[in-house]
Amino acid sequence: MKVMVLVKATVDSEAGVMPTTELFEAMGKFNEALVDAGVMLAGEGLKPSAQGVRVAFDGPARTVVDGPFAETRELVAGFWLWQVRSMDEAIEWAKRCPNPMPGPSELEIRPLYEAEDFGAEFTTEQRAHQEALRQRLGD
């Protein structure tokens with residue numbers, strides 16, 4: 001099962017406060033353990049929402065809203081994409097993670113949809129097309 005682990009933003013991450021050398025080292029060791037275990041597929045930090053935009057959809061209309069965005073607790077500061085056997089395994093890895101922020105912080109773990117989750121609405125042709133795209137990505 002694939003899960004996305006979201007590093008929730010904090011006031012510090014939204015202010016652009018960079019991690020300490022010690023945190024870089026601790027995260028490097030944690031990421032190395034994830035890679036060595038075959039768990040980590042991807043992972044990146046995100047710049048503050050002040051440097052981002054949102055694109056809002058309403059039918060055919062598109063509206064671009066510049067950051068920053070008000071509710072820090074609803075923002076994401078980084079992510080990992082992990083391949084795990086179960087949600088329990090993902091939780092165990094998350095518990096091993098160094099605190100990603102200088103103060104209190106939070107990780108959110110969300111499973112990704114698999115093709116079989118979509119049922120009959122996801123046709124055989126659509127599944128084949130999706131698989132062809134994944135092959136082009138090297139997934």
# chains A, B, ... in the order shown; residues from 1 in each chain; ligands from 1

$ select_by_dssp --residues "chain A" --states "strand (DSSP E or B)" --output "PyMOL selection string"
chain A and resi 2-8+40-45+53-58+61-66+76-83+107-111

$ write_last_selection --atoms "N, CA, C and O atoms" --output "compact mmCIF listing (two decimals), in the first residue's frame"
# COMPACT_ATOMS: atom_id res chain seq x y z
N LYS A 2 0.48 2.24 -0.75
CA LYS A 2 1.19 3.50 -0.75
C LYS A 2 0.48 4.48 0.16
O LYS A 2 -0.76 4.53 0.17
N VAL A 3 1.27 5.23 0.91
CA VAL A 3 0.72 6.28 1.76
C VAL A 3 1.49 7.57 1.53
O VAL A 3 2.68 7.54 1.20
N MET A 4 0.80 8.67 1.68
CA MET A 4 1.46 9.97 1.68
C MET A 4 1.49 10.42 3.13
O MET A 4 0.49 10.40 3.83
N VAL A 5 2.68 10.79 3.56
CA VAL A 5 2.88 11.31 4.91
C VAL A 5 3.08 12.81 4.77
O VAL A 5 4.04 13.26 4.14
N LEU A 6 2.14 13.56 5.32
CA LEU A 6 2.16 15.01 5.20
C LEU A 6 2.76 15.61 6.46
O LEU A 6 2.32 15.29 7.57
N VAL A 7 3.72 16.48 6.29
CA VAL A 7 4.30 17.22 7.41
C VAL A 7 3.49 18.51 7.49
O VAL A 7 3.53 19.34 6.58
N LYS A 8 2.75 18.66 8.57
CA LYS A 8 1.88 19.82 8.70
C LYS A 8 2.72 21.06 8.96
O LYS A 8 3.74 21.02 9.64
N MET A 40 10.70 4.40 1.35
CA MET A 40 10.59 5.75 0.80
C MET A 40 10.61 5.73 -0.72
O MET A 40 11.52 5.20 -1.34
N LEU A 41 9.58 6.32 -1.33
CA LEU A 41 9.49 6.47 -2.77
C LEU A 41 9.82 7.89 -3.20
O LEU A 41 10.34 8.11 -4.29
N ALA A 42 9.49 8.87 -2.34
CA ALA A 42 9.75 10.28 -2.63
C ALA A 42 9.59 11.06 -1.34
O ALA A 42 8.96 10.58 -0.39
N GLY A 43 10.14 12.24 -1.31
CA GLY A 43 9.97 13.11 -0.16
C GLY A 43 10.59 14.46 -0.43
O GLY A 43 11.68 14.54 -1.01
N GLU A 44 9.90 15.51 -0.05
CA GLU A 44 10.38 16.87 -0.28
C GLU A 44 9.79 17.81 0.77
O GLU A 44 8.71 17.57 1.30
N GLY A 45 10.50 18.91 1.00
CA GLY A 45 9.96 20.00 1.79
C GLY A 45 9.33 21.02 0.86
O GLY A 45 9.72 21.13 -0.30
N VAL A 53 0.34 29.43 -4.79
CA VAL A 53 -0.96 29.89 -5.24
C VAL A 53 -1.94 28.74 -5.13
O VAL A 53 -1.55 27.58 -5.05
N ARG A 54 -3.20 29.08 -5.11
CA ARG A 54 -4.27 28.09 -5.21
C ARG A 54 -5.06 28.40 -6.46
O ARG A 54 -5.26 29.56 -6.81
N VAL A 55 -5.51 27.37 -7.15
CA VAL A 55 -6.39 27.53 -8.29
C VAL A 55 -7.74 26.97 -7.88
O VAL A 55 -7.86 25.78 -7.56
N ALA A 56 -8.74 27.86 -7.82
CA ALA A 56 -10.09 27.48 -7.39
C ALA A 56 -10.94 27.19 -8.62
O ALA A 56 -10.88 27.93 -9.61
N PHE A 57 -11.73 26.13 -8.54
CA PHE A 57 -12.59 25.70 -9.64
C PHE A 57 -14.05 25.90 -9.26
O PHE A 57 -14.46 25.56 -8.14
N ASP A 58 -14.83 26.45 -10.20
CA ASP A 58 -16.28 26.52 -10.05
C ASP A 58 -16.86 26.34 -11.44
O ASP A 58 -16.89 27.29 -12.23
N ALA A 61 -15.15 28.02 -14.56
CA ALA A 61 -14.36 29.16 -14.09
C ALA A 61 -13.14 28.71 -13.28
O ALA A 61 -13.20 27.73 -12.54
N ARG A 62 -12.05 29.45 -13.43
CA ARG A 62 -10.82 29.22 -12.68
C ARG A 62 -10.38 30.54 -12.06
O ARG A 62 -10.30 31.56 -12.76
N THR A 63 -10.09 30.51 -10.77
CA THR A 63 -9.63 31.71 -10.07
C THR A 63 -8.32 31.37 -9.40
O THR A 63 -8.21 30.36 -8.71
N VAL A 64 -7.32 32.21 -9.58
CA VAL A 64 -6.02 32.03 -8.95
C VAL A 64 -5.95 32.93 -7.73
O VAL A 64 -6.21 34.12 -7.80
N VAL A 65 -5.60 32.30 -6.59
CA VAL A 65 -5.49 33.03 -5.32
C VAL A 65 -4.04 32.91 -4.86
O VAL A 65 -3.52 31.81 -4.69
N ASP A 66 -3.40 34.05 -4.68
CA ASP A 66 -2.01 34.07 -4.22
C ASP A 66 -1.94 33.81 -2.72
O ASP A 66 -2.81 34.24 -1.97
N VAL A 76 0.49 22.36 4.48
CA VAL A 76 1.48 21.29 4.44
C VAL A 76 2.85 21.91 4.20
O VAL A 76 3.01 22.77 3.34
N ALA A 77 3.84 21.46 4.97
CA ALA A 77 5.20 21.98 4.84
C ALA A 77 6.13 21.00 4.12
O ALA A 77 7.23 21.37 3.73
N GLY A 78 5.70 19.76 3.95
CA GLY A 78 6.51 18.76 3.28
C GLY A 78 5.76 17.45 3.19
O GLY A 78 4.64 17.33 3.70
N PHE A 79 6.38 16.48 2.53
CA PHE A 79 5.71 15.18 2.37
C PHE A 79 6.72 14.09 2.10
O PHE A 79 7.85 14.34 1.70
N TRP A 80 6.27 12.88 2.34
CA TRP A 80 6.95 11.66 1.88
C TRP A 80 5.90 10.83 1.17
O TRP A 80 4.71 10.87 1.49
N LEU A 81 6.33 10.02 0.24
CA LEU A 81 5.51 8.98 -0.35
C LEU A 81 6.17 7.67 0.02
O LEU A 81 7.35 7.47 -0.28
N TRP A 82 5.43 6.82 0.75
CA TRP A 82 5.99 5.57 1.25
C TRP A 82 5.23 4.38 0.69
O TRP A 82 4.02 4.43 0.48
N GLN A 83 5.95 3.28 0.49
CA GLN A 83 5.36 1.98 0.14
C GLN A 83 5.48 1.12 1.39
O GLN A 83 6.60 0.80 1.81
N LEU A 107 2.42 14.97 11.89
CA LEU A 107 2.42 14.27 10.61
C LEU A 107 1.01 13.74 10.38
O LEU A 107 0.34 13.31 11.32
N GLU A 108 0.58 13.73 9.14
CA GLU A 108 -0.70 13.12 8.77
C GLU A 108 -0.39 12.04 7.75
O GLU A 108 0.36 12.27 6.80
N ILE A 109 -0.95 10.85 7.93
CA ILE A 109 -0.71 9.72 7.03
C ILE A 109 -2.00 9.43 6.28
O ILE A 109 -3.03 9.16 6.92
N ARG A 110 -1.94 9.45 4.95
CA ARG A 110 -3.13 9.21 4.15
C ARG A 110 -2.83 8.16 3.10
O ARG A 110 -1.86 8.28 2.34
N PRO A 111 -3.64 7.09 3.05
CA PRO A 111 -3.44 6.08 2.01
C PRO A 111 -3.82 6.64 0.64
O PRO A 111 -4.72 7.47 0.52

$ select_by_dssp --residues "stretch 23-102 of chain A" --states "alpha helix (DSSP H)" --output "PyMOL selection string"
chain A and resi 23-36+87-96

$ atom_distance --atom1 "atom CA of A:Gln126" --atom2 "atom CA of A:Val39"
27.8 Å

$ residues_around --residues "A:Ala115" --least-positions-apart "5" --cutoff "10 Å" --atoms "only C-alpha atoms" --output "PDB file with all heavy atoms, in the first residue's frame"
ATOM      1  N   PHE A 122     -14.124   2.846 -13.072  1.00  0.00           N
ATOM      2  CA  PHE A 122     -12.779   2.954 -13.638  1.00  0.00           C
ATOM      3  C   PHE A 122     -12.638   1.805 -14.620  1.00  0.00           C
ATOM      4  O   PHE A 122     -12.292   0.693 -14.243  1.00  0.00           O
ATOM      5  CB  PHE A 122     -11.753   2.886 -12.501  1.00  0.00           C
ATOM      6  CG  PHE A 122     -10.355   3.271 -12.880  1.00  0.00           C
ATOM      7  CD1 PHE A 122     -10.097   4.335 -13.727  1.00  0.00           C
ATOM      8  CD2 PHE A 122      -9.279   2.581 -12.363  1.00  0.00           C
ATOM      9  CE1 PHE A 122      -8.802   4.700 -14.061  1.00  0.00           C
ATOM     10  CE2 PHE A 122      -7.971   2.928 -12.679  1.00  0.00           C
ATOM     11  CZ  PHE A 122      -7.738   3.992 -13.535  1.00  0.00           C
ATOM     12  N   THR A 123     -12.910   2.078 -15.881  1.00  0.00           N
ATOM     13  CA  THR A 123     -13.023   1.030 -16.902  1.00  0.00           C
ATOM     14  C   THR A 123     -11.681   0.365 -17.196  1.00  0.00           C
ATOM     15  O   THR A 123     -10.618   0.881 -16.850  1.00  0.00           O
ATOM     16  CB  THR A 123     -13.568   1.616 -18.217  1.00  0.00           C
ATOM     17  OG1 THR A 123     -12.592   2.506 -18.754  1.00  0.00           O
ATOM     18  CG2 THR A 123     -14.895   2.329 -18.006  1.00  0.00           C
ATOM     19  N   GLN A 126      -9.520   2.674 -19.124  1.00  0.00           N
ATOM     20  CA  GLN A 126      -8.928   3.715 -18.285  1.00  0.00           C
ATOM     21  C   GLN A 126      -7.790   3.143 -17.436  1.00  0.00           C
ATOM     22  O   GLN A 126      -6.759   3.787 -17.262  1.00  0.00           O
ATOM     23  CB  GLN A 126      -9.992   4.361 -17.398  1.00  0.00           C
ATOM     24  CG  GLN A 126     -10.976   5.187 -18.184  1.00  0.00           C
ATOM     25  CD  GLN A 126     -12.215   5.538 -17.390  1.00  0.00           C
ATOM     26  OE1 GLN A 126     -12.617   4.816 -16.481  1.00  0.00           O
ATOM     27  NE2 GLN A 126     -12.828   6.653 -17.735  1.00  0.00           N
ATOM     28  N   ARG A 127      -7.979   1.940 -16.937  1.00  0.00           N
ATOM     29  CA  ARG A 127      -6.919   1.286 -16.154  1.00  0.00           C
ATOM     30  C   ARG A 127      -5.672   1.063 -17.015  1.00  0.00           C
ATOM     31  O   ARG A 127      -4.552   1.294 -16.579  1.00  0.00           O
ATOM     32  CB  ARG A 127      -7.403  -0.050 -15.588  1.00  0.00           C
ATOM     33  CG  ARG A 127      -8.405   0.079 -14.479  1.00  0.00           C
ATOM     34  CD  ARG A 127      -8.965  -1.297 -14.094  1.00  0.00           C
ATOM     35  NE  ARG A 127     -10.144  -1.145 -13.286  1.00  0.00           N
ATOM     36  CZ  ARG A 127     -10.215  -1.457 -11.999  1.00  0.00           C
ATOM     37  NH1 ARG A 127      -9.181  -1.974 -11.386  1.00  0.00           N
ATOM     38  NH2 ARG A 127     -11.330  -1.273 -11.325  1.00  0.00           N
ATOM     39  N   GLN A 130      -3.931   4.365 -17.571  1.00  0.00           N
ATOM     40  CA  GLN A 130      -3.237   4.763 -16.343  1.00  0.00           C
ATOM     41  C   GLN A 130      -1.944   3.958 -16.163  1.00  0.00           C
ATOM     42  O   GLN A 130      -0.908   4.501 -15.801  1.00  0.00           O
ATOM     43  CB  GLN A 130      -4.146   4.577 -15.119  1.00  0.00           C
ATOM     44  CG  GLN A 130      -3.555   5.059 -13.821  1.00  0.00           C
ATOM     45  CD  GLN A 130      -3.365   6.561 -13.792  1.00  0.00           C
ATOM     46  OE1 GLN A 130      -4.109   7.314 -14.379  1.00  0.00           O
ATOM     47  NE2 GLN A 130      -2.326   7.004 -13.105  1.00  0.00           N
ATOM     48  N   GLU A 131      -2.016   2.683 -16.422  1.00  0.00           N
ATOM     49  CA  GLU A 131      -0.823   1.828 -16.303  1.00  0.00           C
ATOM     50  C   GLU A 131       0.247   2.241 -17.311  1.00  0.00           C
ATOM     51  O   GLU A 131       1.438   2.260 -16.992  1.00  0.00           O
ATOM     52  CB  GLU A 131      -1.194   0.357 -16.471  1.00  0.00           C
ATOM     53  CG  GLU A 131      -0.030  -0.592 -16.309  1.00  0.00           C
ATOM     54  CD  GLU A 131       0.690  -0.476 -14.975  1.00  0.00           C
ATOM     55  OE1 GLU A 131       0.039  -0.139 -13.953  1.00  0.00           O
ATOM     56  OE2 GLU A 131       1.923  -0.699 -14.942  1.00  0.00           O
TER      57      GLU A 131
END

$ closest_residue --among "A:Cys97, A:Ala50, A:Met1, A:Val11" --to "A:Ala26" --atoms "only C-alpha atoms"
A:Cys97

$ residues_around --residues "stretch 14-18 of chain A" --least-positions-apart "4" --cutoff "7 Å" --atoms "only C-alpha atoms" --output "VMD selection string"
chain A and resid 9 to 10 48 to 49

$ closest_residue --among "A:Met101, A:Leu133, A:Leu46, A:Ala120" --to "A:Phe24" --atoms "only C-alpha atoms"
A:Met101

$ atom_distance --atom1 "atom CA of A:Asn99" --atom2 "atom CA of A:Gly67"
25.7 Å

$ atom_distance --atom1 "atom CA of A:Glu22" --atom2 "atom CA of A:Ala94"
18.7 Å
